[in-house]
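Reproduced below: upload-v6.cif, with mmCIF, C-alpha atoms.
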data_target
loop_
_atom_site.label_atom_id
_atom_site.label_comp_id
_atom_site.auth_asym_id
_atom_site.auth_seq_id
_atom_site.Cartn_x
_atom_site.Cartn_y
_atom_site.Cartn_z
CA MET A 1364 9.39 14.20 9.65
CA CYS A 1365 8.32 17.57 8.29
CA TYR A 1366 7.86 18.49 4.66
CA ILE A 1367 7.61 22.18 3.79
CA ARG A 1368 6.17 23.11 0.40
CA ASN A 1369 4.62 26.48 -0.45
CA ILE A 1370 4.76 27.45 3.23
CA LEU A 1371 2.82 24.28 4.18
CA GLN A 1372 4.41 22.18 6.91
CA ILE A 1373 3.68 18.46 7.10
CA CYS A 1374 5.04 16.63 10.15
CA ILE A 1375 5.26 12.86 10.24
CA LEU A 1376 6.12 10.83 13.32
CA GLY A 1377 7.68 13.84 15.03
CA LEU A 1378 10.77 13.74 12.78
CA VAL A 1379 11.89 16.71 10.72
CA LEU A 1380 12.46 16.92 6.98
CA VAL A 1381 12.73 20.16 5.06
CA SER A 1382 12.15 19.93 1.33
CA CYS A 1383 14.90 21.54 -0.75
CA SER A 1384 12.69 21.99 -3.81
CA SER A 1385 12.43 24.80 -6.32
CA ASP A 1386 9.20 25.82 -4.60
CA ASN A 1387 11.26 26.84 -1.58
CA PRO A 1388 14.54 28.31 -2.87
CA ALA A 1389 15.26 29.90 0.50
CA LEU A 1390 15.38 26.53 2.23
CA GLU A 1391 18.92 25.21 2.28
CA ARG A 1392 19.05 22.15 4.51
CA CYS A 1393 17.50 18.71 4.36
CA ASN A 1394 17.11 16.02 6.98
CA ASP A 1395 17.64 12.48 5.73
CA ASP A 1396 15.23 10.72 8.07
CA VAL A 1397 13.04 8.14 6.33
CA VAL A 1398 9.53 7.02 7.26
CA ILE A 1399 8.37 3.58 6.08
CA GLY A 1400 4.79 2.29 6.16
CA ALA A 1401 3.63 -1.24 5.38
CA HIS A 1402 0.12 -2.28 4.36
CA TYR A 1403 -1.17 -4.74 6.95
CA TYR A 1404 -4.08 -7.22 6.73
CA LEU A 1405 -6.44 -8.45 9.44
CA TRP A 1406 -8.32 -11.19 7.56
CA PHE A 1407 -6.55 -14.30 8.84
CA PRO A 1408 -6.94 -17.25 9.19
CA GLU A 1409 -9.84 -16.97 6.71
CA ASN A 1410 -7.67 -15.77 3.84
CA PHE A 1411 -5.15 -18.54 4.35
CA LYS A 1412 -8.00 -20.91 3.49
CA GLN A 1413 -8.64 -19.12 0.18
CA GLY A 1414 -5.28 -20.29 -1.12
CA TYR A 1415 -1.82 -18.80 -1.30
CA LEU A 1416 1.35 -19.62 -3.17
CA ARG A 1417 3.48 -20.68 -0.22
CA ASN A 1418 0.98 -23.36 0.78
CA LYS A 1419 1.14 -24.79 -2.76
CA LEU A 1420 4.90 -25.21 -2.83
CA VAL A 1421 6.74 -28.51 -2.40
CA PRO A 1422 7.78 -28.43 0.36
CA LYS A 1423 5.30 -25.94 1.81
CA GLN A 1424 6.52 -22.63 3.22
CA ILE A 1425 4.60 -21.12 6.11
CA PRO A 1426 4.93 -17.93 8.15
CA VAL A 1427 7.01 -18.16 11.32
CA LEU A 1428 3.76 -17.61 13.25
CA GLY A 1429 2.03 -20.36 11.29
CA GLU A 1430 -1.41 -19.78 9.73
CA TYR A 1431 -2.26 -17.34 12.47
CA ASP A 1432 -5.39 -15.63 13.74
CA SER A 1433 -5.68 -11.83 13.32
CA GLU A 1434 -8.06 -11.71 16.27
CA LEU A 1435 -5.33 -12.64 18.72
CA ALA A 1436 -3.49 -9.76 20.35
CA GLU A 1437 -0.41 -11.98 20.47
CA THR A 1438 -0.31 -12.00 16.67
CA ALA A 1439 -0.31 -8.21 16.53
CA ALA A 1440 2.32 -8.02 19.26
CA ARG A 1441 4.74 -10.23 17.31
CA HIS A 1442 4.21 -8.24 14.12
CA ILE A 1443 4.72 -4.95 15.95
CA GLN A 1444 7.90 -6.39 17.43
CA TYR A 1445 9.20 -7.17 13.93
CA ALA A 1446 8.31 -3.69 12.74
CA LYS A 1447 10.07 -1.95 15.60
CA GLU A 1448 13.19 -4.10 15.33
CA TYR A 1449 13.63 -3.69 11.59
CA GLY A 1450 12.55 -0.12 10.89
CA ILE A 1451 8.90 -0.12 9.81
CA ASP A 1452 7.41 3.04 11.30
CA PHE A 1453 3.70 2.45 10.78
CA PHE A 1454 1.12 -0.04 9.55
CA SER A 1455 -1.94 0.84 7.48
CA LEU A 1456 -4.76 -1.39 8.79
CA ASP A 1457 -7.44 -2.46 6.32
CA TRP A 1458 -11.03 -1.45 7.16
CA TRP A 1459 -14.00 -2.66 5.12
CA PRO A 1460 -17.32 -0.80 4.62
CA PHE A 1461 -19.50 -3.89 5.11
CA ARG A 1462 -17.36 -6.36 7.08
CA GLU A 1463 -18.25 -5.48 10.63
CA GLU A 1464 -16.95 -8.71 12.14
CA GLN A 1465 -13.60 -8.48 10.37
CA ASN A 1466 -13.19 -4.82 11.34
CA LYS A 1467 -13.26 -5.85 14.99
CA ALA A 1468 -9.75 -7.19 14.45
CA VAL A 1469 -8.55 -3.55 14.37
CA ASP A 1470 -9.50 -3.28 18.04
CA THR A 1471 -7.69 -6.53 18.74
CA PHE A 1472 -4.58 -5.15 17.02
CA LEU A 1473 -4.76 -2.04 19.19
CA SER A 1474 -4.96 -4.17 22.33
CA ALA A 1475 -1.44 -5.51 21.72
CA LYS A 1476 0.76 -4.93 24.75
CA ASN A 1477 3.37 -3.12 22.64
CA ILE A 1478 1.01 -0.97 20.55
CA SER A 1479 2.93 2.12 21.68
CA ASP A 1480 5.92 0.84 19.68
CA ILE A 1481 4.28 1.58 16.33
CA GLN A 1482 1.93 4.04 14.69
CA PHE A 1483 -1.03 3.07 12.53
CA CYS A 1484 -3.59 4.55 10.20
CA ILE A 1485 -6.73 3.19 8.55
CA PHE A 1486 -6.72 1.91 4.96
CA TYR A 1487 -10.34 2.25 3.81
CA GLU A 1488 -11.42 -0.27 1.15
CA SER A 1489 -13.56 2.23 -0.77
CA TRP A 1490 -14.24 -0.08 -3.70
CA GLU A 1491 -16.59 -2.14 -1.52
CA LEU A 1492 -19.01 0.81 -1.48
CA ASN A 1493 -20.32 0.11 -4.97
CA PHE A 1494 -17.74 -1.44 -7.29
CA MET A 1495 -19.08 -2.47 -10.70
CA PRO A 1496 -16.70 -5.10 -12.09
CA GLU A 1497 -18.29 -5.04 -15.53
CA VAL A 1498 -17.13 -1.44 -16.02
CA GLY A 1499 -14.23 -1.36 -13.54
CA ALA A 1500 -15.61 1.59 -11.58
CA THR A 1501 -16.66 2.41 -8.03
CA TYR A 1502 -19.81 4.39 -8.62
CA PHE A 1503 -20.88 7.02 -6.10
CA ASP A 1504 -24.67 7.20 -6.06
CA LYS A 1505 -26.56 8.71 -3.11
CA ALA A 1506 -26.29 5.52 -1.05
CA ALA A 1507 -22.54 5.28 -1.63
CA VAL A 1508 -22.06 8.96 -0.72
CA ASP A 1509 -24.01 8.55 2.52
CA ASN A 1510 -22.23 5.31 3.43
CA PHE A 1511 -18.83 6.82 2.68
CA VAL A 1512 -19.38 9.75 5.02
CA ASP A 1513 -20.90 7.54 7.73
CA HIS A 1514 -18.03 5.04 7.58
CA LEU A 1515 -15.27 7.65 7.72
CA THR A 1516 -17.07 9.39 10.59
CA THR A 1517 -17.17 6.09 12.47
CA ILE A 1518 -13.45 5.57 11.82
CA ALA A 1519 -12.72 9.08 13.09
CA ASP A 1520 -14.72 8.54 16.28
CA MET A 1521 -13.09 5.19 16.96
CA TYR A 1522 -9.45 5.75 16.08
CA PHE A 1523 -8.31 9.30 15.35
CA GLN A 1524 -7.62 10.13 18.98
CA HIS A 1525 -5.74 6.92 19.74
CA PRO A 1526 -2.23 7.82 20.98
CA SER A 1527 -0.62 5.66 18.27
CA TYR A 1528 -2.65 7.04 15.38
CA LEU A 1529 -0.47 8.42 12.59
CA HIS A 1530 -0.67 12.17 12.02
CA ILE A 1531 0.71 14.45 9.33
CA ASP A 1532 0.92 18.11 10.35
CA ASN A 1533 -1.19 17.20 13.38
CA ARG A 1534 -3.86 15.80 11.06
CA PRO A 1535 -4.99 12.14 11.31
CA VAL A 1536 -4.08 10.15 8.21
CA ILE A 1537 -6.45 7.95 6.25
CA ILE A 1538 -5.73 6.09 3.01
CA LEU A 1539 -8.53 5.59 0.47
CA TYR A 1540 -8.07 2.51 -1.72
CA LEU A 1541 -8.79 2.61 -5.46
CA THR A 1542 -9.81 6.24 -5.77
CA ARG A 1543 -8.61 5.88 -9.36
CA THR A 1544 -11.80 3.85 -10.02
CA TRP A 1545 -14.18 6.49 -8.65
CA ALA A 1546 -17.04 7.78 -10.81
CA GLY A 1547 -20.30 9.58 -10.12
CA ASP A 1548 -20.73 11.92 -7.15
CA TYR A 1549 -17.41 11.29 -5.41
CA ALA A 1550 -16.63 15.03 -5.30
CA ILE A 1551 -19.85 15.56 -3.35
CA ALA A 1552 -18.84 12.70 -1.04
CA MET A 1553 -15.46 14.29 -0.36
CA ARG A 1554 -16.99 17.72 0.26
CA LYS A 1555 -19.54 16.27 2.69
CA LEU A 1556 -16.80 14.28 4.40
CA ARG A 1557 -14.62 17.36 4.90
CA GLU A 1558 -17.61 19.28 6.27
CA LYS A 1559 -18.58 16.50 8.65
CA MET A 1560 -15.04 16.11 9.89
CA LYS A 1561 -14.77 19.85 10.51
CA GLU A 1562 -17.94 19.71 12.61
CA LYS A 1563 -16.33 17.00 14.71
CA GLY A 1564 -13.10 18.95 15.14
CA PHE A 1565 -10.98 16.86 12.74
CA ASN A 1566 -9.03 17.83 9.64
CA PRO A 1567 -7.92 14.48 8.20
CA TYR A 1568 -4.91 14.11 5.93
CA ILE A 1569 -6.36 11.99 3.12
CA ILE A 1570 -4.14 9.94 0.82
CA GLY A 1571 -5.75 8.81 -2.44
CA ASP A 1572 -4.79 5.62 -4.26
CA GLU A 1573 -4.92 7.51 -7.51
CA ILE A 1574 -1.82 6.53 -9.48
CA PHE A 1575 -2.09 3.77 -12.07
CA TRP A 1576 -1.68 3.04 -15.78
CA GLY A 1577 -5.36 3.31 -16.68
CA ILE A 1578 -7.86 5.18 -14.49
CA ILE A 1579 -11.48 6.26 -14.64
CA PRO A 1580 -11.75 9.79 -16.09
CA GLN A 1581 -12.86 12.37 -13.55
CA GLY A 1582 -16.56 13.24 -13.50
CA THR A 1583 -17.56 10.09 -15.41
CA ARG A 1584 -21.29 9.39 -15.17
CA LEU A 1585 -22.87 5.94 -15.09
CA GLU A 1586 -24.07 6.17 -18.69
CA ASP A 1587 -20.51 6.89 -19.87
CA LEU A 1588 -18.96 3.74 -18.37
CA PRO A 1589 -16.77 1.88 -19.15
CA ALA A 1590 -14.20 4.62 -19.68
CA ALA A 1591 -10.48 4.91 -19.10
CA SER A 1592 -7.67 7.44 -19.26
CA SER A 1593 -3.90 7.12 -19.05
CA SER A 1594 -3.50 10.75 -17.88
CA PRO A 1595 -3.63 12.14 -14.34
CA GLN A 1596 -7.12 13.36 -13.48
CA VAL A 1597 -6.27 16.71 -11.98
CA GLU A 1598 -9.51 17.71 -10.27
CA ARG A 1599 -9.98 14.32 -8.63
CA ALA A 1600 -6.34 14.15 -7.55
CA LYS A 1601 -6.67 17.57 -5.92
CA LEU A 1602 -9.43 16.25 -3.66
CA PHE A 1603 -6.71 14.48 -1.67
CA ASP A 1604 -3.82 15.75 0.44
CA ALA A 1605 -1.33 13.27 -1.02
CA LEU A 1606 -1.26 10.54 -3.67
CA THR A 1607 -0.04 6.97 -3.77
CA ALA A 1608 -0.37 3.71 -5.69
CA TYR A 1609 -1.17 0.62 -3.67
CA ASN A 1610 0.31 -1.65 -6.34
CA LEU A 1611 1.39 -0.81 -9.90
CA TYR A 1612 1.41 -4.45 -11.02
CA ASN A 1613 -0.57 -4.76 -14.27
CA GLN A 1614 -1.17 -8.16 -15.83
CA THR A 1615 -2.01 -6.61 -19.22
CA ARG A 1616 1.48 -5.17 -19.67
CA GLU A 1617 3.61 -7.81 -21.35
CA ASP A 1618 6.67 -5.59 -20.95
CA PHE A 1619 6.33 -6.09 -17.17
CA ARG A 1620 6.73 -9.86 -17.48
CA GLY A 1621 9.80 -11.76 -16.29
CA TYR A 1622 12.72 -11.04 -14.02
CA GLY A 1623 13.39 -7.46 -13.00
CA ARG A 1624 16.53 -7.52 -15.14
CA ASP A 1625 14.39 -8.03 -18.26
CA SER A 1626 11.24 -6.12 -17.29
CA SER A 1627 10.35 -2.45 -17.83
CA PHE A 1628 8.20 -2.41 -14.69
CA LEU A 1629 10.49 -0.35 -12.45
CA GLU A 1630 11.52 2.06 -15.21
CA GLU A 1631 7.92 2.69 -16.19
CA SER A 1632 6.79 2.94 -12.56
CA LEU A 1633 9.39 5.62 -11.89
CA ARG A 1634 8.21 7.56 -14.94
CA LEU A 1635 4.58 7.35 -13.79
CA TYR A 1636 5.32 8.46 -10.23
CA LYS A 1637 7.32 11.42 -11.56
CA GLU A 1638 4.45 12.40 -13.83
CA TYR A 1639 2.24 12.87 -10.77
CA LYS A 1640 4.94 14.23 -8.49
CA LEU A 1641 5.97 16.95 -10.95
CA HIS A 1642 2.53 17.74 -12.36
CA PRO A 1643 2.22 21.56 -12.28
CA GLN A 1644 -1.52 21.55 -11.56
CA ILE A 1645 -1.83 18.74 -9.03
CA ARG A 1646 0.94 19.82 -6.65
CA ARG A 1647 0.45 17.07 -4.09
CA PRO A 1648 3.08 14.94 -2.29
CA VAL A 1649 3.51 11.49 -3.80
CA PHE A 1650 4.23 8.54 -1.51
CA PRO A 1651 5.52 5.70 -3.71
CA THR A 1652 5.22 1.98 -3.07
CA VAL A 1653 7.72 -0.85 -3.41
CA LEU A 1654 6.96 -4.56 -3.89
CA PRO A 1655 9.06 -7.58 -2.86
CA GLY A 1656 7.47 -9.50 -5.75
CA TYR A 1657 3.99 -10.61 -6.82
CA ASN A 1658 2.29 -13.97 -7.40
CA ASP A 1659 -1.48 -14.39 -7.04
CA ARG A 1660 -1.55 -17.77 -8.78
CA GLY A 1661 -2.13 -19.55 -5.48
CA VAL A 1662 -5.55 -17.93 -5.22
CA ARG A 1663 -6.37 -16.95 -8.85
CA LEU A 1664 -4.72 -19.65 -10.96
CA ALA A 1665 -7.50 -19.64 -13.57
CA GLU A 1666 -6.75 -16.00 -14.40
CA ASP A 1667 -3.18 -16.97 -15.35
CA HIS A 1668 -1.50 -13.76 -14.19
CA PHE A 1669 2.26 -13.68 -14.61
CA PRO A 1670 4.34 -13.35 -11.41
CA ILE A 1671 6.98 -10.80 -10.53
CA PRO A 1672 9.85 -13.01 -9.28
CA ARG A 1673 11.55 -12.14 -6.01
CA THR A 1674 15.03 -12.43 -7.49
CA TRP A 1675 16.46 -9.90 -9.95
CA ASP A 1676 17.45 -12.66 -12.34
CA ASP A 1677 17.90 -16.43 -12.28
CA LYS A 1678 21.32 -16.14 -10.63
CA SER A 1679 20.58 -13.53 -7.94
CA GLU A 1680 19.86 -14.11 -4.27
CA GLU A 1681 16.53 -13.98 -2.46
CA GLY A 1682 15.34 -10.41 -1.96
CA SER A 1683 17.45 -8.98 -4.78
CA TYR A 1684 14.38 -7.69 -6.63
CA PHE A 1685 13.17 -5.87 -3.50
CA SER A 1686 16.60 -4.38 -2.89
CA LYS A 1687 16.97 -3.25 -6.51
CA SER A 1688 13.47 -1.76 -6.42
CA ILE A 1689 14.34 0.46 -3.48
CA ASP A 1690 17.51 1.60 -5.22
CA THR A 1691 16.01 2.27 -8.65
CA LEU A 1692 12.50 3.43 -7.71
CA ILE A 1693 12.43 4.80 -4.17
CA LYS A 1694 15.82 6.54 -4.02
CA PRO A 1695 15.24 8.80 -7.06
CA LEU A 1696 11.77 9.78 -5.84
CA MET A 1697 13.14 10.79 -2.45
CA LYS A 1698 15.63 13.32 -3.76
CA LYS A 1699 13.05 16.09 -3.31
CA GLY A 1700 10.03 16.06 -1.04
CA PRO A 1701 9.05 13.89 1.93
CA LYS A 1702 11.05 10.70 2.42
CA VAL A 1703 8.01 8.54 2.98
CA PHE A 1704 7.19 5.33 1.16
CA PHE A 1705 4.96 2.29 1.48
CA ILE A 1706 5.68 -1.41 1.25
CA THR A 1707 3.02 -3.60 -0.32
CA SER A 1708 2.79 -5.51 1.87
CA PHE A 1709 3.61 -6.77 5.34
CA ASN A 1710 1.32 -9.81 5.14
CA GLU A 1711 -0.77 -10.04 1.96
CA TRP A 1712 -0.06 -13.74 1.44
CA ASN A 1713 -2.75 -14.36 -1.19
CA GLU A 1714 -0.86 -12.18 -3.69
CA ASP A 1715 2.53 -13.11 -2.22
CA THR A 1716 3.59 -9.55 -1.62
CA ALA A 1717 4.29 -10.29 2.07
CA ILE A 1718 7.59 -9.58 3.79
CA GLU A 1719 6.56 -11.08 7.13
CA PRO A 1720 9.10 -13.76 8.12
CA LEU A 1721 8.70 -17.24 6.70
CA VAL A 1722 10.14 -20.37 8.24
CA GLU A 1723 13.58 -20.70 6.69
CA GLY A 1724 13.90 -23.33 3.98
CA PRO A 1725 15.56 -24.13 0.64
CA SER A 1726 14.52 -22.65 -2.69
CA THR A 1727 12.03 -24.61 -4.77
CA MET A 1728 10.38 -24.31 -8.17
CA LYS A 1729 8.13 -27.29 -7.53
CA ASP A 1730 4.48 -27.01 -6.50
CA SER A 1731 1.47 -29.25 -5.91
CA SER A 1732 -0.19 -28.63 -9.30
CA SER A 1733 -0.63 -31.44 -11.81
CA THR A 1734 2.38 -30.28 -13.80
CA GLY A 1735 4.44 -29.35 -10.76
CA ASP A 1736 4.96 -25.73 -11.84
CA GLN A 1737 1.60 -24.04 -12.48
CA TYR A 1738 1.79 -21.97 -9.29
CA THR A 1739 5.48 -21.07 -9.42
CA ASN A 1740 5.39 -20.48 -13.18
CA GLY A 1741 8.93 -21.87 -13.20
CA TYR A 1742 10.38 -19.33 -10.76
CA SER A 1743 12.18 -20.18 -7.54
CA TYR A 1744 10.78 -19.44 -4.08
CA LYS A 1745 12.63 -19.66 -0.80
CA GLY A 1746 11.70 -19.90 2.86
CA PHE A 1747 13.23 -16.48 3.35
CA GLY A 1748 13.21 -16.00 7.12
CA THR A 1749 13.77 -12.33 7.99
CA THR A 1750 15.51 -11.50 4.69
CA TYR A 1751 13.14 -8.70 3.71
CA LEU A 1752 13.08 -7.13 7.14
CA GLU A 1753 16.86 -7.10 7.14
CA ILE A 1754 16.86 -5.40 3.72
CA ILE A 1755 14.54 -2.71 5.09
CA LYS A 1756 16.77 -2.13 8.10
CA ASN A 1757 19.88 -1.79 5.95
CA LYS A 1758 18.32 0.30 3.18
CA LYS A 1759 16.80 2.71 5.66
CA LYS A 1760 20.31 3.66 6.71
CA GLU A 1761 21.25 4.35 3.09
CA LEU A 1762 18.25 6.39 1.97
#

Translate the structure described by the file into structure tokens.
Amino acid sequence: MCYIRNILQICILGLVLVSCSSDNPALERCNDDVVIGAHYYLWFPENFKQGYLRNKLVPKQIPVLGEYDSELAETAARHIQYAKEYGIDFFSLDWWPFREEQNKAVDTFLSAKNISDIQFCIFYESWELNFMPEVGATYFDKAAVDNFVDHLTTIADMYFQHPSYLHIDNRPVIILYLTRTWAGDYAIAMRKLREKMKEKGFNPYIIGDEIFWGIIPQGTRLEDLPAASSSPQVERAKLFDALTAYNLYNQTREDFRGYGRDSSFLEESLRLYKEYKLHPQIRRPVFPTVLPGYNDRGVRLAEDHFPIPRTWDDKSEEGSYFSKSIDTLIKPLMKKGPKVFFITSFNEWNEDTAIEPLVEGPSTMKDSSSTGDQYTNGYSYKGFGTTYLEIIKNKKKEL
């Protein structure tokens, strides 16, 4: 897919898309091909043990592959098979700055016999560099700058030349998580990274996780934290080649609570994405994200976060929230610009954003808590089989 804006051509997965935007009035045709990426996790079976909603339900609901091991090539092969069959074009694979053993699972994933059937890119967990929870910021001191450059250089050496690595305009793609929390010398880190990559013959296409409701103001120093802004931070956003939001769920927004029918979440999310997409100074492609739902109560019950139910209302069918989200959020954002979006997630079971197939089973509101509903919060959950993959396959034809 190619996206042309201000004479810049961005090609994704070898498909062709020409943007019919006001920036290019001479361009008259558009290609309707769609590229879908899903965030993919390699931390199993360890994270199954941390707790997840589906294991708390009565009766339990488990993935079709069971509580699997990410270090088995057979696991990756089955997931790649699902992706190919149902229209997911690439996976973003999580990579952690200081989890060397877990990162080895990337190599296992790439050893899958059908790896040529999908593309992948690395999703770098930048917050692990130096996240300060007391101020909500990832602070770039000298050590964090040096580690950042070293880590991304290692990723480049290991993966950028793999035949299945995702490229945009012949540039290897990398996603940086939680850039919206960056403070300190992150601009120096990005400059040094670009210089180092140039020395090595790479020009990476870097996507920043920059879009959210409250973000750290650009250039914030340690002595100025905590600090927050609700406005796009132009100079930081311009450090990246494109922008995204991993997940716009926000437990502090009471207007996001409840069924999609009653919540302002999708309406407000569309407004926020458009603010970045149409910003006259930023001028970067925006790759939006869609959720099937959200419920982290299986792993963070004490924090009492409200769920996003997977049905549009109490009378709708399984997957109706996901389907409505694509229609009301993704479709409008794809009218101009690249038709690329992310799904959060393929298999993040701890927050119950996964679309990976579950063993089919009846809907239940009952769970194993003392009251029988502390995990479900009174919402219904179903052993949904391949429901979400089927929605992707069908919606991709419509977009």

If the PyMOL selection byres ((chain A and resi 1413) around 10) is run on the structure shown, which residues does it catch, given as a list in words? Pro1408, Glu1409, Asn1410, Phe1411, Lys1412, Gly1414, Tyr1415, Gly1661, Val1662, Arg1663 and Asn1713 of chain A

What's around stretch 1429-1437 of chain A at 8 Å? Count all atoms listed in the file, leave out sequence neighbours fewer than 4 positions away in its own chain, and write the answer as a PyMOL selection string. chain A and resi 1405-1408+1411+1425+1441+1467-1468+1471-1476

Contacts of A:Gln1644 within 10 Å, all atoms listed in the file, excl. fewer than 3 positions in-chain, as a ChimeraX atom specification: /A:1597-1598,1600-1601,1639,1641,1647

Apply the PyMOL selection byres ((chain A and resi 1419) around 9) to the structure shown and report the selected residues as a list in words. Gly1414, Tyr1415, Leu1416, Arg1417, Asn1418, Leu1420, Val1421, Pro1422, Lys1423, Gln1424, Gly1661, Lys1729, Asp1730, Ser1731, Ser1732, Tyr1738 and Thr1739 of chain A

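When only C-alpha atoms are used to compute distances to A:Ile1706, the closest of the residues A:Thr1652, A:Thr1438, A:Gln1737, A:Thr1607 turns out to be A:Thr1652.
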
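Atom pair atom CA of A:Asp1452 / atom CA of A:Leu1541 has a distance of 23.3 Å (rounded to one decimal).
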
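Across the structure, atom CA of A:Asp1659 and atom CA of A:Asp1715 are spaced 6.4 Å apart.
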